[in-house]
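Everything on this sheet refers to the single structure shown next.
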Protein chains: 2
Amino acid sequence: MSILVVGSVAYDTVETPRERRERQLGGSASYFSLAAARFAPVRAVGVVGDDFRAGDLALLSSRGVDTAGIVRRDGPTFHWSGRYHEDLIERDTLATELGVFQDFAPELPAGWRETPYLFLANIHPALQADVLDRMVAPRLVVLDTMNLWIKTTRRELQEVLARVDVVLLNDGEARLLSGQRSLAAAAAAIKELGPGRVVIKKGEHGALLFGRDSLFSVPALLLPEVVDPTGAGDCFAGGFVGCLAAAGATRDDDDRVFRRAMLAGTAVASACPEAFSVDGVLALDAAEYERRLATLADMMTP
Amino acid sequence: MSILVVGSVAYDTVETPRERRERQLGGSASYFSLAAARFAPVRAVGVVGDDFRAGDLALLSSRGVDTAGIVRRDGPTFHWSGRYHEDLIERDTLATELGVFQDFAPELPAGWRETPYLFLANIHPALQADVLDRMVAPRLVVLDTMNLWIKTTRRELQEVLARVDVVLLNDGEARLLSGQRSLAAAAAAIKELGPGRVVIKKGEHGALLFGRDSLFSVPALLLPEVVDPTGAGDCFAGGFVGCLAAAGATRDDDDRVFRRAMLAGTAVASACPEAFSVDGVLALDAAEYERRLATLADMMTP
């Protein structure tokens, strides 16, 4: 079944201790779409500027992403620029140029309101709510967010959180949103806000699923080398939601299908940091994906 | 089968954001012994001062720890004093008063040289080597160490590492010892130094076993509250080595028994931060230990 994603489509300029790449394809919707489309058809909603390369749209399309919801406006594409520290985890944002994203008003092509799976990528919660308002009885709604929205738009974030099934955040965001140091207490507090399930992403330490009535932990795959970690969280979300959509999961299913989705998210996300931009997730073929799932299973077998 | 441990027996003064406890029982050998003794008989080698409370020795004995190797010397017991930050992970050492530990020369009571399992807790590598020299064909030798020895006594540490079967360290120590950022590369480099297996402890993020020919990841149990994390790593080691000794494991066994030992270490270590000093590990009864193993198994089941 299809997935609708709304999020950013961006150009990123990324500096690592070893290399600098300018204006490469990025944004939460781009990473998510390419990761999810290996499992299910994806419909992407976003905005790009008049500088956006036709080849980047063609790339998305060629991988099973319907880009009819990505509108083109006069002005520059959203541009993020950041520099990673030596550990390739910490990073400093050097510039955030919103460009056409400043006035982003999501537009849903005809027929898209009935898409069964909805992923609200990390954008302003009012935009997330706006898209959710227009959907007709989605089977499952998954939301991502970030520190910025927790700090600056908490009320709006809480309003949309009350209407979603699963929220994804990292451990720092879960603590900030809940005011709880313990991740168990943080997840319980976040569930009180609405979502029936909470996924806490911990980067190289894996991820936790606080399910409807169980707790699941998945380790990260160990990478020999990290080239560029940008987008790994969005790729995790793509694998996670993609797997749920392929299985036809609903919010009323038990936790087992969500556990399998955590493994899919982990396996797909592991490819992202192995190359710049979306090249890592693009390079992950079916055989390598299966190999990573098998490695994960072996890492978790007592 | 029995386990011999050599390490520190100390008094700790611990400040957390909520409470301060003075001169409570601590030290790597104390935590290790009480954790391991639930699985197998433990023989402890160490030194205490003339201020050491008879009740603390009696406590160890009552839990199945043979204290015949803990000698009493004139002068003060090793005293460590530290203050934890708000996250209950970071800490500052306020004072380290070696006392009688300064001139510690391990003494092995008659018959102890033949003990089949040897745990070299985190002390100067020359002392670790000295005890190892005196053992007669141990079935399995496990070593713990710390940043201090990696930085100040690397040559001696490498000499003793070449002679042990398993080394336990945390992620920061593994990176410092190997010069590798990737934990997979770090573990591979450390194996080159001698140990056939490397365990990397990651605190609240669990632990990794780089086995003879497989990789195993175990999550940490989630704690509702952390009171005092001091000693959790030594309790992990106690559960790990204790489980191996109870199973009669040898270095030539395949990785399965070492995987099970990782679960035992994790379950025992989870009790340690729930109270000050050794009270957490003492409070863990058999039923609660089994319950934690079952929780861990469920957290890891796809």
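Letters for chains follow the order of the structure tokens (A, B, ...), residue numbers begin at 1 for each chain, and ligand numbers begin at 1 in the order shown.
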Counting only C-alpha atoms, chain A residues within 6 Å of chain B, as a compact mmCIF listing (two decimals) with N, CA and C atoms, in the first residue's frame:
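Final file, part.txt:
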# COMPACT_ATOMS: atom_id res chain seq x y z
N LEU A 215 8.37 -3.89 24.94
CA LEU A 215 9.55 -3.07 24.66
C LEU A 215 10.49 -3.89 23.80
N PHE A 216 11.02 -3.28 22.73
CA PHE A 216 11.90 -3.96 21.80
C PHE A 216 13.14 -3.10 21.58
N SER A 217 14.29 -3.75 21.59
CA SER A 217 15.55 -3.04 21.37
C SER A 217 16.25 -3.62 20.17
N ARG A 259 7.95 -4.59 15.41
CA ARG A 259 9.31 -5.06 15.68
C ARG A 259 10.03 -5.36 14.37
N MET A 299 23.25 -10.90 15.52
CA MET A 299 23.72 -10.07 16.64
C MET A 299 22.77 -10.13 17.83
N MET A 300 21.50 -10.50 17.56
CA MET A 300 20.49 -10.46 18.61
C MET A 300 20.11 -11.83 19.14
N PRO A 302 20.52 -15.00 21.35
CA PRO A 302 21.24 -15.45 22.54
C PRO A 302 21.93 -16.81 22.33
With only C-alpha atoms counted and 10 Å as the cut-off, give the residues of region 15-67 of chain A in contact with region 117-134 of chain A, each with its shortest interatomic distance in Å and the pair that gives it, as a Markdown table.
| residue | atom | partner | partner_atom | distance |
| --- | --- | --- | --- | --- |
| A:Gly27 | CA | A:Asn122 | CA | 9.4 |
| A:Ser28 | CA | A:Ala121 | CA | 6.2 |
| A:Ala29 | CA | A:Ala121 | CA | 6.7 |
| A:Phe32 | CA | A:Ala121 | CA | 8.2 |
| A:Ser33 | CA | A:Phe119 | CA | 9.9 |
| A:Val42 | CA | A:Tyr117 | CA | 9.4 |
| A:Arg43 | CA | A:Leu118 | CA | 9.5 |
| A:Ala44 | CA | A:Phe119 | CA | 9.8 |
| A:Val45 | CA | A:Val131 | CA | 9.5 |
Save out the residues we just selected, N, CA and C atoms, as a short mmCIF file (atom, residue, chain, number, x, y, z; two decimals), in the first residue's frame.
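Generated file (result_23.cif):
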data_model
loop_
_atom_site.label_atom_id
_atom_site.label_comp_id
_atom_site.auth_asym_id
_atom_site.auth_seq_id
_atom_site.Cartn_x
_atom_site.Cartn_y
_atom_site.Cartn_z
N GLY A 27 17.41 16.57 2.52
CA GLY A 27 16.06 16.86 3.00
C GLY A 27 15.38 15.59 3.49
N SER A 28 14.52 15.75 4.49
CA SER A 28 13.91 14.58 5.12
C SER A 28 13.04 13.79 4.14
N ALA A 29 12.31 14.49 3.26
CA ALA A 29 11.43 13.78 2.34
C ALA A 29 12.23 12.99 1.31
N PHE A 32 13.76 9.88 3.20
CA PHE A 32 12.67 8.97 3.56
C PHE A 32 12.14 8.25 2.32
N SER A 33 11.88 9.02 1.27
CA SER A 33 11.24 8.45 0.08
C SER A 33 12.09 7.36 -0.54
N VAL A 42 5.71 5.37 -2.99
CA VAL A 42 5.79 6.56 -2.15
C VAL A 42 5.30 7.77 -2.93
N ARG A 43 4.50 8.60 -2.28
CA ARG A 43 4.05 9.86 -2.84
C ARG A 43 4.66 10.98 -2.02
N ALA A 44 5.46 11.82 -2.66
CA ALA A 44 6.19 12.85 -1.92
C ALA A 44 5.56 14.22 -2.10
N VAL A 45 5.38 14.92 -0.98
CA VAL A 45 4.84 16.28 -0.99
C VAL A 45 5.93 17.22 -0.46
#
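These are the residues of region 106-276 of chain A assigned strand (DSSP E or B) by DSSP from backbone coordinates: Tyr117, Leu118, Phe119, Leu120, Leu140, Val141, Val142, Leu143, Asp144, Val166, Val167, Leu168, Leu169, Asn170, Arg197, Val198, Val199, Ile200, Lys201, Ala207, Leu208, Leu209, Phe210, Leu215, Phe216, Ser217 and Val218 of chain A.
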Worksheet item: Near region 65-79 of chain A, within 9 Å and counting only C-alpha atoms, which residues show up once chain neighbours fewer than 2 positions away are dropped, as a PyMOL selection string?
Response: chain A and resi 6+8-13+23+26-27+33-34+36-37+41-52+57-63+81+95-102+106-109+112
Item to complete: Give the answer as one residue: which of B:Arg53, B:Arg139, B:Lys201, B:Arg251 has the shortest atom-to-atom distance to Gly265 (chain B), using only C-alpha atoms?
Response: B:Lys201
Which neighbours of Val278 (chain B) fall inside 10 Å, counting only C-alpha atoms, when residues of the same chain fewer than 4 positions from it are skipped, and could you give them as an mmCIF file with C-alpha atoms, in the first residue's frame?
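Writing done, so here's part.cif:
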data_model
loop_
_atom_site.group_PDB
_atom_site.id
_atom_site.type_symbol
_atom_site.label_atom_id
_atom_site.label_comp_id
_atom_site.auth_asym_id
_atom_site.auth_seq_id
_atom_site.Cartn_x
_atom_site.Cartn_y
_atom_site.Cartn_z
ATOM 1 C CA GLN B 24 30.543 2.760 51.923
ATOM 2 C CA LEU B 25 31.836 -0.590 50.698
ATOM 3 C CA GLY B 26 33.179 -0.380 47.154
ATOM 4 C CA GLY B 27 36.088 -1.416 44.942
ATOM 5 C CA SER B 30 33.876 -6.233 46.143
ATOM 6 C CA TYR B 31 31.349 -5.559 43.373
ATOM 7 C CA PHE B 32 32.664 -8.362 41.200
ATOM 8 C CA LEU B 34 29.136 -10.235 45.178
ATOM 9 C CA ALA B 35 27.851 -10.412 41.599
ATOM 10 C CA ASP B 228 24.285 5.323 42.037
ATOM 11 C CA THR B 230 29.259 3.059 40.753
ATOM 12 C CA GLY B 231 30.320 -0.566 40.307
ATOM 13 C CA ALA B 232 27.900 -1.501 37.520
ATOM 14 C CA CYS B 235 28.890 -6.298 38.513
ATOM 15 C CA ALA B 271 20.505 -4.124 39.831
ATOM 16 C CA CYS B 272 23.648 -2.233 40.801
ATOM 17 C CA PRO B 273 22.573 1.368 40.003
ATOM 18 C CA GLU B 274 19.275 0.920 41.847
ATOM 19 C CA LEU B 282 22.597 -7.719 47.173
ATOM 20 C CA ALA B 283 18.885 -7.009 46.801
#
Worksheet item: Which residues come within 12 Å of Arg154 (chain A), counting only C-alpha atoms, excluding same-chain residues fewer than 2 positions away, as number ranges by chain?
Response: A: 124-126, 145-152, 156-161, 176-178, 193
